[in-house]
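Asks: Following this message is one structure expressed as structure tokens.
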There are 2 protein chains.
Amino acid sequence: MCKRALHYPQVETPPPQPFLKSLKNTLNEILFADDPFRKIRNESKTSKKIDLVLRHVFPILEWARGYNLNYLKSDVISGITIASLAIPQGISYAQLANLPPILGLYSSFVPPMVYAIMGSSKDLAVGTVAVASLLTAAMLGKEVSAVENPKLYLHLAFTATFFAGLMQTCLGLLRLGFLVEILSHAAIIGFMAGAATVVCLQQLKGLLGLSHFTHSTDVVSVFRSIFSQSHMYKLLKLLKVLYSNFVIYSLSLSLSLSLSLSLSLSLSLSLSLSLSLSLSISYLKHIVLNASEIVFWLYHCKLILYEKIENVLYYYFIGELKKGINPPSITHLVFTSPYVTLALKTGIITGVLALAEGIAVGRSFAMYKNYNIDGNKEMIAFGMMNIFGSFSSCYLTTGPFSRSAVNYNAGCKTAVSNVVMAVAVAVTLLFLTPLFFYTPLVVLSSIIIAAMLGLVDYEAAMHLWKLDKFDFFVCLSAFLGVVFGTIEIGLILSVGISVLRLLLFVGRPKIYLMGKIQNTEIYRNIEQYPQATTLSGLIILHIDGPIYFANSSYLRDRIGRWIDEEEEKLRKSEENSLQYIILDLSAVGNIDTSGISMLEEVNKILGRRDLKLVIANPGAELMKKLSKSKFIETIGKDWIHLTVAEAVSACDHMLQTAKPDSPEIFSGVPEFNNV
Amino acid sequence: MCKRALHYPQVETPPPQPFLKSLKNTLNEILFADDPFRKIRNESKTSKKIDLVLRHVFPILEWARGYNLNYLKSDVISGITIASLAIPQGISYAQLANLPPILGLYSSFVPPMVYAIMGSSKDLAVGTVAVASLLTAAMLGKEVSAVENPKLYLHLAFTATFFAGLMQTCLGLLRLGFLVEILSHAAIIGFMAGAATVVCLQQLKGLLGLSHFTHSTDVVSVFRSIFSQSHMYKLLKLLKVLYSNFVIYSLSLSLSLSLSLSLSLSLSLSLSLSLSLSLSISYLKHIVLNASEIVFWLYHCKLILYEKIENVLYYYFIGELKKGINPPSITHLVFTSPYVTLALKTGIITGVLALAEGIAVGRSFAMYKNYNIDGNKEMIAFGMMNIFGSFSSCYLTTGPFSRSAVNYNAGCKTAVSNVVMAVAVAVTLLFLTPLFFYTPLVVLSSIIIAAMLGLVDYEAAMHLWKLDKFDFFVCLSAFLGVVFGTIEIGLILSVGISVLRLLLFVGRPKIYLMGKIQNTEIYRNIEQYPQATTLSGLIILHIDGPIYFANSSYLRDRIGRWIDEEEEKLRKSEENSLQYIILDLSAVGNIDTSGISMLEEVNKILGRRDLKLVIANPGAELMKKLSKSKFIETIGKDWIHLTVAEAVSACDHMLQTAKPDSPEIFSGVPEFNNV
């Protein structure tokens with residue numbers, strides 16, 4: 001039985017690297033973690049290289065070669081299915097953004113075309129989203145009224161879309177996509193639920209038939225706005241409107257809830273006969289909805305009798321939609337102060353949110369079908385589609401979850417389904433817009449609410465609570481911030497708390513006592529492994545995180561406290577006094593100058609208390625810095641060991657040598673050979 | 001020889017803790033890391049408990065009991081030494097803050113008394129500091145002119161001091177002292193050097209005798225301000241003044257440089273005879289300085305002939321100082337808008353800076369003399385001394401490094417030296433103020449410059465460059481921010497970059513390939529240990545940091561890339577195909593829900609590629625969350641191992657069983673028994 005594993009190799013210091021080379025490596029790791037150009041780099045022929053670059057920039061060149069009739073059939077079916085969803089949703093969301101309803105249709109024409117050329121997802125369906133729409137309304141509406149100054153408001157919406165696209169493209173080109181990761185999954189769950197609540201609250205305007213309504217989005221303002229209007233003399237009328245709307249509301253809500261589920265299924269199953277047939281049947285939904293329109297219209301006939309007809313039309317129906325496809329809007333972009341900063345701010349915030357949703361959606365479906373998506377490339381695609389969109393009367397688009405899920409379920413094969421949707425929407429724009437004149441706003445509200453209810457994900461929140469309280473807290477604060485404050489407050493709160501968690505991890509790394517697991521020479525956390533035993537004469541501390549300025553005072557204090565506590569315990573039990581402190585640095589990924597000073601300080605303090613500092617398993621980065629700072633020379637190269645077991649046996653050996661008469665107080669012996 | 005160490009214990013999941021208890025533990029660890037109330041808690045008698053609490057709050061009760069005549073002698077000598085430094089420095093710094101010079105003396109009377117009662121450092125000498133003074137001038141001066149509205153400016157300075165004290169006290173009481181740690185050592189080095197440069201630049205006003213001078217502190221403004229005044233007709237006069245001032249300047253600068261070094265030494269060595277003698281000799285410096293005053297005065301006689309005498313007095317000499325100790329100023333605090341926010345902002349920023357310096361100084365000297373300082377308790381002491389200071393015509397004080405170093409070198413024993421200094425200053429205030437009338441402002445400038453030159457620490461910056469490039473970058477950006485921007489910009493820049501580093505650590509954790517070190521069963525980073533060999537059929541990846549939302553996409557991509565690269569290599573060499581991916585999670589301190597989803601995703605992707613995920617050594621926190629999320633069930637409890645070696649030998653065993661005909665492709669065997 002050997003006493004000590006002295007044949008262990010020494011702890012190595014990696015060879016020094018020139019500064020510029022290590023900087024390049026670090027930047028590569030941060031920006032090109034997935035090494036996207038590997039194939040291009042490995043290719044030697046120039047012509048093939050150009051081909052690869054083109055395919056990298058325009059993924060359509062990649063998949064168009066293998067495209068066949070079967071794919072086309074599937075893509076046409078799914079394209080028409082999502083078009084049937086896109087038209088009412090587009091109109092509703094444009095309404096939510098306080099923009100002309102027709103913009104919702106425009107936005108389902110140009111952007112999907114651009115995405116089909118540049119996007120790398122096969123399942124993503126492009127369109128507008130409720131949260132970004134609401135956010136646009138809330139942010140722009142604070143400074144420019146959509147009612148009083150609709151033209152400026154519209155142009156600012158285009159400008160914000162342009163800035164959003166520009167930012168998305170830049171993030172992608174600079175490979176800064178990881179900045180979007182700052183929105184954690186938990187934050188997004190809370191944020192979406194909050195936004196859905198707020199959007200539903202906004203629909204109270206239509207439900208209660210209120211003509212004056214608050215511009216704020218928080219619960220308090222909404223309820224104050226409702227109750228301030230319910231003075232006695234208005235109460236009766238309010239109740240009446242409430243009742244009448246409630247009937248229509250529940251009818252259309254249940255219709256749209258059931259339709260959105262069944263429609264896509266039935267369409268994808270049975271209606272693959274012909275383009276024209278499915279086109280007409282995809283409007284079944286609107287025909288059915290027209291039934292509710294008629295009921296609604298009849299019921300409100302008496303209202304029309306004593307209110308001006310135009311007024312009613314304005315308040316209760318969409319009204320006329322202009323025929324024709326997207327007019328150009330490039331000349332409408334506003335780059336003059338004071339509005340340019342407003343547009344910029346709106347663009348950046350809505351753009352980041354849209355990116356986060358679009359990329360998450362693209363990734364999820366890519367995972368199901370087992371293909372890869374490059375986040376940075378996707379960002380460029382999103383950015384280009386919004387830039388071109390802003391030139392052609394579209395507002396912010398991304399890849400909404402609901403539409404993409406329908407696309408996926410309808411069996412789409414490639415981005416051609418987006419092209420089919422765009423063509424279907426264009427046909428609608430050219431010929432079918434008059435059909436929408438009598439669509440009641442209440443029906444749009446119900447479409448919005450139906451979409452919103454899906455965003456409130458109780459189960460995910462419960463799952464967060466069970467798994468990770470901190471994530472639940474992030475989620476909750478995003479929700480409460482949105483509901484009781486503004487959407488921005490919710491966003492800032494959740495991002496702030498998420499970042500605080502990261503800082504807290506670095507600021508307060510776990511530091512725990514290690515013990516020896518019996519019959520092995522493995523040392524582990526004694527809280528996790530209660531059977532692990534501590535050794536007398538020394539303590540082994542494991543630091544579970546990097547040593548940085550933010551935690552060096554804490555670690556110094558905490559190490560001091562472990563030693564104090566141990567010495568107090570030893571004094572009570574009159575055991576051998578403490579002589580060695582082994583620091584297991586396996587999990588210390590990095591150290592900065594404050595951290596090195598802290599180690600030097602700890603070493604001095606220990607020296608004054610007649611204790612010896614022993615280091616176990618420092619990593620490459622640590623060894624580099626510790627040797628540069630001469631810390632290794634200070635504590636002695638012999639006191640740095642490859643494993644905790646080796647450090648323990650070295651201490652044991654020293655104790656034996658120092659006191660030959662004392663019994664072997666612990667056995668730091670490898671015991672594999674006992675098995 | 002055993003094949004596998006199957007007798008290893010299982011990886012343990014720590015017992016579940018009730019939510020509130022684990023919350024309490026976490027908060028305790030964040031806020032009471034050093035467990036300051038341990039002694040009080042352990043005490044059972046109520047009377048003794050009260051005694052301990054009192055001693056905890058007022059450390060004077062602790063050390064006053066053992067106080068003796070020898071201590072008093074040392075404290076008197078060091079007290080008078082620092083008083084001799086405090087008086088000219090106090091006047092100079094008050095001038096720097098655009099405040100009446102007498103405030104510098106007031107601030108060396110009340111605050112040191114308060115600190116002597118509540119402070120726990122034995123070596124800290126209380127006083128004003130240059131950087132905080134300059135910052136006060138820069139921040140308040142932006143909105144209120146000290147020349148046009150001196151009264152309001154003065155009252156705002158008191159109010160800012162009050163807020164600084166309040167904030168410091170609150171931070172201490174809430175035990176949030178760790179927030180100050182956000183100012184890293186590197187940031188402080190750069191910041192101090194920048195501030196010193198800026199302060200020296202401000203002295204150009206006096207040196208060049210300019211009457212109009214910029215209120216900005218950056219280099220560009222200062223030089224523009226100098227050159228805009230050097231029109232042709234002024235040039236001659238400027239050169240003349242420059243020459244005359246230069247003579248005085250170099251004289252007094254060299255005097256104060258040599259004096260500040262020699263004075264304290266000579267004083268502490270020889271002048272312990274009597275209080276009165278040393279008092280008079282401590283003013284030797286001023287008498288010598290008076291020689292320069294006379295030269296200066298004679299030289300400027302002709303200037304007096306053709307300029308109004310009052311004007312010259314105003315520009316070139318301190319002028320009259322009011323006799324008497326601090327008048328009360330509690331009624332002068334300004335709590336009315338719009339100035340209250342200005343005072344609050346100034347108070348918070350200067351207060352944090354003052355805290356950072358004071359606590360660092362206290363800690364350093366405590367380390368030399370081997371006693372402990374509780375940062376939070378110190379904060380309360382600093383806070384109380386500033387609150388009481390603001391009530392008695394003092395502005396922001398802390399523990400300046402220069403004065404504390406003199407105090408330490410002069411042999412102080414306890415905080416009584418602060419009391420002695422306060423008494424000496426009080427005597428000066430009561431009887432000796434007329435002596436200062438003809439102190440030229442140029443002499444004050446030279447005192448400031450002499451103090452500032454010590455703050456530019458080239459060597460520390462070079463040390464940072466050698467040890468840690470990132471820290472050097474933080475230091476440099478703090479310096480450049482202060483010199484070319486404002487003091488706040490420098491502060492924000494350095495804190496921002498420091499925090500970015502922490503986030504980058506979490507956002508891009510290192511992930512590396514592990515290999516087996518020959519003749520052991522230890523697995524280590526193959527870059528650090530080039531002799532370590534990888535095994536065929538499996539790869540071992542070590543993740544060096546927590547798995548959080550900010551890095552989960554990165555880790556997923558990076559793991560994918562490792563596998564791709566390995567498979568490519570294997571295809572080329574026609575070796576055995578990859579079958580196992582072992583993730584060593586020893587260094588993964590924590591995981592959140594995004595991280596768990598990432599692991600689940602990786603497991604799915606691996607499953608689709610016919611690879612098996614194996615986990616080695618997950619910590620307590622990880623096991624808790626992985627078992628709650630059913631991830632352990634998903635990959636199978638048998639695939640979670642205590643060590644990498646065990647995981648490897650389990651994979652080996654499976655490979656052997658699956659292909660009984662294949663040779664033993666690697667030997668995951670403990671080899672200790674070979675030694």
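In the structure tokens, each chain is lettered A, B, ... as it comes, each chain's residues begin at 1, and ligands are numbered from 1 in order of appearance.
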Applying 10 Å and only C-alpha atoms, which residues near Asn326 (chain B) remain after dropping the ones on its own chain fewer than 6 positions away? List them as a list of chain:residue names.
Replies: B:Ile102, B:Leu103, B:Leu105, B:Tyr106, B:Ser107, B:Phe109, B:Val110, B:Gly389, B:Phe391, B:Ser392, B:Ser393, B:Cys394, B:Ala426, B:Leu429
Asks: Could those selected residues go to a file with all heavy atoms, as a JSON list (two decimals), in the first residue's frame?
Replies:
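Once everything was written out, this is result_29.json:
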[["chain", "number", "residue", "atom", "x", "y", "z"],
["B", 102, "ILE", "N", -12.26, 78.05, 5.36],
["B", 102, "ILE", "CA", -12.45, 77.71, 6.77],
["B", 102, "ILE", "C", -13.18, 76.38, 6.92],
["B", 102, "ILE", "O", -13.00, 75.67, 7.92],
["B", 102, "ILE", "CB", -13.23, 78.86, 7.48],
["B", 102, "ILE", "CG1", -13.22, 78.71, 8.99],
["B", 102, "ILE", "CG2", -14.66, 78.93, 6.99],
["B", 102, "ILE", "CD1", -12.04, 79.34, 9.64],
["B", 103, "LEU", "N", -13.99, 75.98, 5.91],
["B", 103, "LEU", "CA", -14.71, 74.71, 5.98],
["B", 103, "LEU", "C", -13.76, 73.53, 6.09],
["B", 103, "LEU", "O", -14.11, 72.49, 6.68],
["B", 103, "LEU", "CB", -15.59, 74.53, 4.74],
["B", 103, "LEU", "CG", -17.09, 74.56, 5.04],
["B", 103, "LEU", "CD1", -17.51, 75.98, 5.34],
["B", 103, "LEU", "CD2", -17.89, 73.99, 3.90],
["B", 105, "LEU", "N", -11.12, 73.46, 7.83],
["B", 105, "LEU", "CA", -10.77, 73.33, 9.25],
["B", 105, "LEU", "C", -11.95, 72.77, 10.05],
["B", 105, "LEU", "O", -11.78, 71.88, 10.88],
["B", 105, "LEU", "CB", -10.33, 74.68, 9.81],
["B", 105, "LEU", "CG", -9.10, 75.29, 9.12],
["B", 105, "LEU", "CD1", -8.68, 76.57, 9.84],
["B", 105, "LEU", "CD2", -7.95, 74.31, 9.11],
["B", 106, "TYR", "N", -13.14, 73.32, 9.77],
["B", 106, "TYR", "CA", -14.33, 72.80, 10.45],
["B", 106, "TYR", "C", -14.44, 71.28, 10.27],
["B", 106, "TYR", "O", -14.76, 70.55, 11.21],
["B", 106, "TYR", "CB", -15.61, 73.43, 9.88],
["B", 106, "TYR", "CG", -15.80, 74.91, 10.16],
["B", 106, "TYR", "CD1", -16.66, 75.68, 9.37],
["B", 106, "TYR", "CD2", -15.15, 75.54, 11.22],
["B", 106, "TYR", "CE1", -16.86, 77.03, 9.62],
["B", 106, "TYR", "CE2", -15.34, 76.89, 11.47],
["B", 106, "TYR", "CZ", -16.19, 77.63, 10.67],
["B", 106, "TYR", "OH", -16.38, 78.96, 10.91],
["B", 107, "SER", "N", -14.15, 70.84, 9.03],
["B", 107, "SER", "CA", -14.33, 69.41, 8.72],
["B", 107, "SER", "C", -13.29, 68.53, 9.40],
["B", 107, "SER", "O", -13.40, 67.31, 9.37],
["B", 107, "SER", "CB", -14.26, 69.18, 7.21],
["B", 107, "SER", "OG", -15.24, 69.95, 6.55],
["B", 109, "PHE", "N", -12.73, 68.96, 12.60],
["B", 109, "PHE", "CA", -13.04, 69.04, 14.03],
["B", 109, "PHE", "C", -14.16, 68.08, 14.44],
["B", 109, "PHE", "O", -13.91, 67.14, 15.20],
["B", 109, "PHE", "CB", -13.39, 70.50, 14.39],
["B", 109, "PHE", "CG", -13.80, 70.68, 15.83],
["B", 109, "PHE", "CD1", -13.04, 70.13, 16.86],
["B", 109, "PHE", "CD2", -14.95, 71.39, 16.16],
["B", 109, "PHE", "CE1", -13.42, 70.28, 18.18],
["B", 109, "PHE", "CE2", -15.34, 71.53, 17.48],
["B", 109, "PHE", "CZ", -14.57, 70.98, 18.49],
["B", 110, "VAL", "N", -15.36, 68.26, 13.91],
["B", 110, "VAL", "CA", -16.48, 67.41, 14.35],
["B", 110, "VAL", "C", -16.36, 65.95, 13.86],
["B", 110, "VAL", "O", -16.41, 65.02, 14.68],
["B", 110, "VAL", "CB", -17.84, 68.03, 13.94],
["B", 110, "VAL", "CG1", -18.98, 67.07, 14.23],
["B", 110, "VAL", "CG2", -18.05, 69.34, 14.67],
["B", 389, "GLY", "N", -21.53, 65.96, 10.68],
["B", 389, "GLY", "CA", -20.73, 66.98, 9.99],
["B", 389, "GLY", "C", -21.62, 67.98, 9.27],
["B", 389, "GLY", "O", -21.42, 69.19, 9.36],
["B", 391, "PHE", "N", -24.46, 68.86, 9.98],
["B", 391, "PHE", "CA", -25.19, 69.71, 10.95],
["B", 391, "PHE", "C", -24.28, 70.80, 11.50],
["B", 391, "PHE", "O", -24.76, 71.72, 12.16],
["B", 391, "PHE", "CB", -25.72, 68.88, 12.12],
["B", 391, "PHE", "CG", -26.79, 67.89, 11.72],
["B", 391, "PHE", "CD1", -27.16, 66.87, 12.58],
["B", 391, "PHE", "CD2", -27.42, 67.99, 10.48],
["B", 391, "PHE", "CE1", -28.14, 65.96, 12.21],
["B", 391, "PHE", "CE2", -28.40, 67.07, 10.11],
["B", 391, "PHE", "CZ", -28.75, 66.07, 10.98],
["B", 392, "SER", "N", -22.96, 70.68, 11.31],
["B", 392, "SER", "CA", -22.04, 71.60, 11.95],
["B", 392, "SER", "C", -21.02, 72.14, 10.95],
["B", 392, "SER", "O", -19.82, 72.15, 11.21],
["B", 392, "SER", "CB", -21.33, 70.89, 13.10],
["B", 392, "SER", "OG", -20.70, 69.72, 12.62],
["B", 393, "SER", "N", -21.52, 72.57, 9.77],
["B", 393, "SER", "CA", -20.71, 73.29, 8.79],
["B", 393, "SER", "C", -19.50, 72.51, 8.28],
["B", 393, "SER", "O", -18.46, 73.11, 8.00],
["B", 393, "SER", "CB", -20.23, 74.63, 9.35],
["B", 393, "SER", "OG", -21.30, 75.43, 9.71],
["B", 394, "CYS", "N", -19.64, 71.19, 8.16],
["B", 394, "CYS", "CA", -18.54, 70.44, 7.56],
["B", 394, "CYS", "C", -19.02, 69.92, 6.21],
["B", 394, "CYS", "O", -20.22, 69.75, 5.99],
["B", 394, "CYS", "CB", -18.20, 69.22, 8.41],
["B", 394, "CYS", "SG", -17.78, 69.64, 10.08],
["B", 426, "ALA", "N", -9.24, 72.71, 16.67],
["B", 426, "ALA", "CA", -10.12, 73.62, 17.39],
["B", 426, "ALA", "C", -9.32, 74.79, 17.96],
["B", 426, "ALA", "O", -9.75, 75.96, 17.89],
["B", 426, "ALA", "CB", -10.85, 72.88, 18.50],
["B", 429, "LEU", "N", -8.60, 77.11, 15.24],
["B", 429, "LEU", "CA", -9.80, 77.85, 14.87],
["B", 429, "LEU", "C", -10.07, 78.98, 15.85],
["B", 429, "LEU", "O", -10.48, 80.09, 15.47],
["B", 429, "LEU", "CB", -11.01, 76.91, 14.84],
["B", 429, "LEU", "CG", -11.20, 76.09, 13.57],
["B", 429, "LEU", "CD1", -12.26, 75.03, 13.77],
["B", 429, "LEU", "CD2", -11.58, 76.99, 12.41]]
Asks: Could you pull out the residues in region 140-204 of chain A that DSSP calls helix (DSSP H, G or I) from the backbone, as a ChimeraX atom specification?
Replies: /A:140-141,150-173,177-182,185-202,204
Asks: With only C-alpha atoms as the counted atoms, please give the residues lying no more than 6 Å from Ser494 (chain B), apart from itself and same-chain residues fewer than 5 positions off, as a PDB file with all heavy atoms, in the first residue's frame.
Replies:
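The result, stored in around-v3.pdb:
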ATOM      1  N   ALA B 187     -10.315  49.755 -11.212  1.00  0.00           N
ATOM      2  CA  ALA B 187     -11.074  50.955 -11.543  1.00  0.00           C
ATOM      3  C   ALA B 187     -10.610  52.113 -10.674  1.00  0.00           C
ATOM      4  O   ALA B 187     -10.459  53.248 -11.141  1.00  0.00           O
ATOM      5  CB  ALA B 187     -12.564  50.698 -11.354  1.00  0.00           C
ATOM      6  N   VAL B 474      -9.908  48.200 -17.806  1.00  0.00           N
ATOM      7  CA  VAL B 474     -10.844  48.881 -16.899  1.00  0.00           C
ATOM      8  C   VAL B 474     -10.179  50.130 -16.335  1.00  0.00           C
ATOM      9  O   VAL B 474     -10.754  51.224 -16.320  1.00  0.00           O
ATOM     10  CB  VAL B 474     -11.258  47.936 -15.749  1.00  0.00           C
ATOM     11  CG1 VAL B 474     -11.963  48.697 -14.653  1.00  0.00           C
ATOM     12  CG2 VAL B 474     -12.132  46.821 -16.271  1.00  0.00           C
ATOM     13  N   ALA B 478     -11.201  54.076 -17.055  1.00  0.00           N
ATOM     14  CA  ALA B 478     -11.542  54.998 -15.967  1.00  0.00           C
ATOM     15  C   ALA B 478     -10.695  56.260 -16.101  1.00  0.00           C
ATOM     16  O   ALA B 478     -11.198  57.386 -16.019  1.00  0.00           O
ATOM     17  CB  ALA B 478     -11.292  54.339 -14.615  1.00  0.00           C
TER      18      ALA B 478
END
Asks: For Gly358 (chain A), list every protein, DNA or RNA residue within 7 Å, evaluated using only C-alpha atoms, and leave out those in the same chain fewer than 3 positions away; present the list as a count of residues only.
Replies: 7
Asks: Work out how far apart CA of Phe162 (chain A) and CA of Met385 (chain A) are and give it in Å to one decimal.
Replies: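 Value for the CA of Phe162 (chain A)-CA of Met385 (chain A) distance: 9.6 Å.
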Asks: Extract, using only C-alpha atoms, all DNA, RNA and protein residues at most 12 Å from Ile563 (chain B), discarding same-chain residues fewer than 4 positions from it, and format them as a PyMOL selection string.
Replies: (chain A and resi 34) or (chain B and resi 512-513+537-541+556-559+567-570+577-582+602+605-606+609+611-613)
Asks: Let's have the selection written as a PDB file, in the first residue's frame, with C-alpha atoms.
Replies:
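Okay, this is what ended up in part.pdb:
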ATOM      1  CA  ASP A  34     -20.476  28.004 -33.562  1.00  0.00           C
TER       2      ASP A  34
ATOM      3  CA  TYR B 512     -12.916  22.271 -22.796  1.00  0.00           C
ATOM      4  CA  LEU B 513     -11.994  18.744 -23.726  1.00  0.00           C
ATOM      5  CA  GLY B 537     -15.342   6.348 -28.668  1.00  0.00           C
ATOM      6  CA  LEU B 538     -16.147   9.137 -26.258  1.00  0.00           C
ATOM      7  CA  ILE B 539     -15.414  12.760 -25.495  1.00  0.00           C
ATOM      8  CA  ILE B 540     -15.339  14.368 -22.061  1.00  0.00           C
ATOM      9  CA  LEU B 541     -16.382  18.014 -21.888  1.00  0.00           C
ATOM     10  CA  ARG B 556     -25.625  24.075 -26.763  1.00  0.00           C
ATOM     11  CA  ASP B 557     -23.896  25.376 -29.909  1.00  0.00           C
ATOM     12  CA  ARG B 558     -20.458  24.778 -28.452  1.00  0.00           C
ATOM     13  CA  ILE B 559     -21.211  21.196 -27.388  1.00  0.00           C
ATOM     14  CA  GLU B 567     -16.808  13.103 -35.627  1.00  0.00           C
ATOM     15  CA  GLU B 568     -15.059  14.768 -38.562  1.00  0.00           C
ATOM     16  CA  LYS B 569     -11.698  13.796 -37.118  1.00  0.00           C
ATOM     17  CA  LEU B 570     -12.866  10.231 -36.530  1.00  0.00           C
ATOM     18  CA  SER B 577     -17.258   6.138 -34.084  1.00  0.00           C
ATOM     19  CA  LEU B 578     -18.285   8.382 -31.238  1.00  0.00           C
ATOM     20  CA  GLN B 579     -20.728   6.842 -28.785  1.00  0.00           C
ATOM     21  CA  TYR B 580     -20.615   8.697 -25.471  1.00  0.00           C
ATOM     22  CA  ILE B 581     -20.519  12.349 -24.471  1.00  0.00           C
ATOM     23  CA  ILE B 582     -19.479  12.770 -20.846  1.00  0.00           C
ATOM     24  CA  VAL B 602     -28.821  18.478 -25.895  1.00  0.00           C
ATOM     25  CA  ILE B 605     -30.184  16.032 -30.142  1.00  0.00           C
ATOM     26  CA  LEU B 606     -27.630  13.467 -28.974  1.00  0.00           C
ATOM     27  CA  ARG B 609     -27.473  11.161 -33.454  1.00  0.00           C
ATOM     28  CA  LEU B 611     -25.005   9.284 -28.876  1.00  0.00           C
ATOM     29  CA  LYS B 612     -25.467   8.802 -25.153  1.00  0.00           C
ATOM     30  CA  LEU B 613     -25.204  11.671 -22.676  1.00  0.00           C
TER      31      LEU B 613
END
Asks: Among region 525-565 of chain A, which residues carry a DSSP assignment of strand (DSSP E), reported as a count of residues only?
Replies: 8
Asks: Near Ala64 (chain A), counting only C-alpha atoms, which residues have an atom at most 10 Å away, once you skip same-chain residues fewer than 6 positions from it, shown as a PyMOL selection string?
Replies: chain A and resi 117+414-416
Asks: Using only C-alpha atoms, which residues sit within 10 Å of Leu166 (chain A) once same-chain residues fewer than 6 positions away are excluded, as a PyMOL selection string?
Replies: chain A and resi 160+172+347-348+351+380+382-387
Asks: Would you mind reading off the distance between CA of Lys142 (chain B) and CA of Ser390 (chain B), one decimal, in Å?
Replies: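 CA of Ser390 (chain B) lies 21.4 Å from CA of Lys142 (chain B).
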Asks: Select, from B:Glu633, B:Asp638, B:Glu320, B:Asp471, the residue with the minimum atom-to-atom distance to chain A, counting only C-alpha atoms.
Replies: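 Using only C-alpha atoms, chain A sits closest to B:Asp471.
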Asks: Point out the residue among B:Ile489, B:Leu183, B:Leu599, B:Ala193 with the least atom-to-atom distance to chain A, counting only C-alpha atoms.
Replies: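 So, comparing all the options, the nearest one is B:Leu183.
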Asks: Which residue gives the smallest distance to chain B among A:Ile87, A:Ile487, A:Leu504, A:Val340, with only C-alpha atoms counted?
Replies: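 The shortest atom-to-atom distance to chain B comes from A:Leu504.
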Asks: Using only C-alpha atoms, find the one residue out of A:Val420, A:Ala138, A:Ile596, A:Ile77 that sits nearest to chain B.
Replies: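 Residue with the minimum atom-to-atom distance to chain B: A:Ile596.
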Asks: Using only C-alpha atoms, which residue out of A:Thr428, A:Glu29, A:Thr533, A:Pro59 lies closest to Ile511 (chain B)?
Replies: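 Closest to Ile511 (chain B) of all the choices is A:Glu29.
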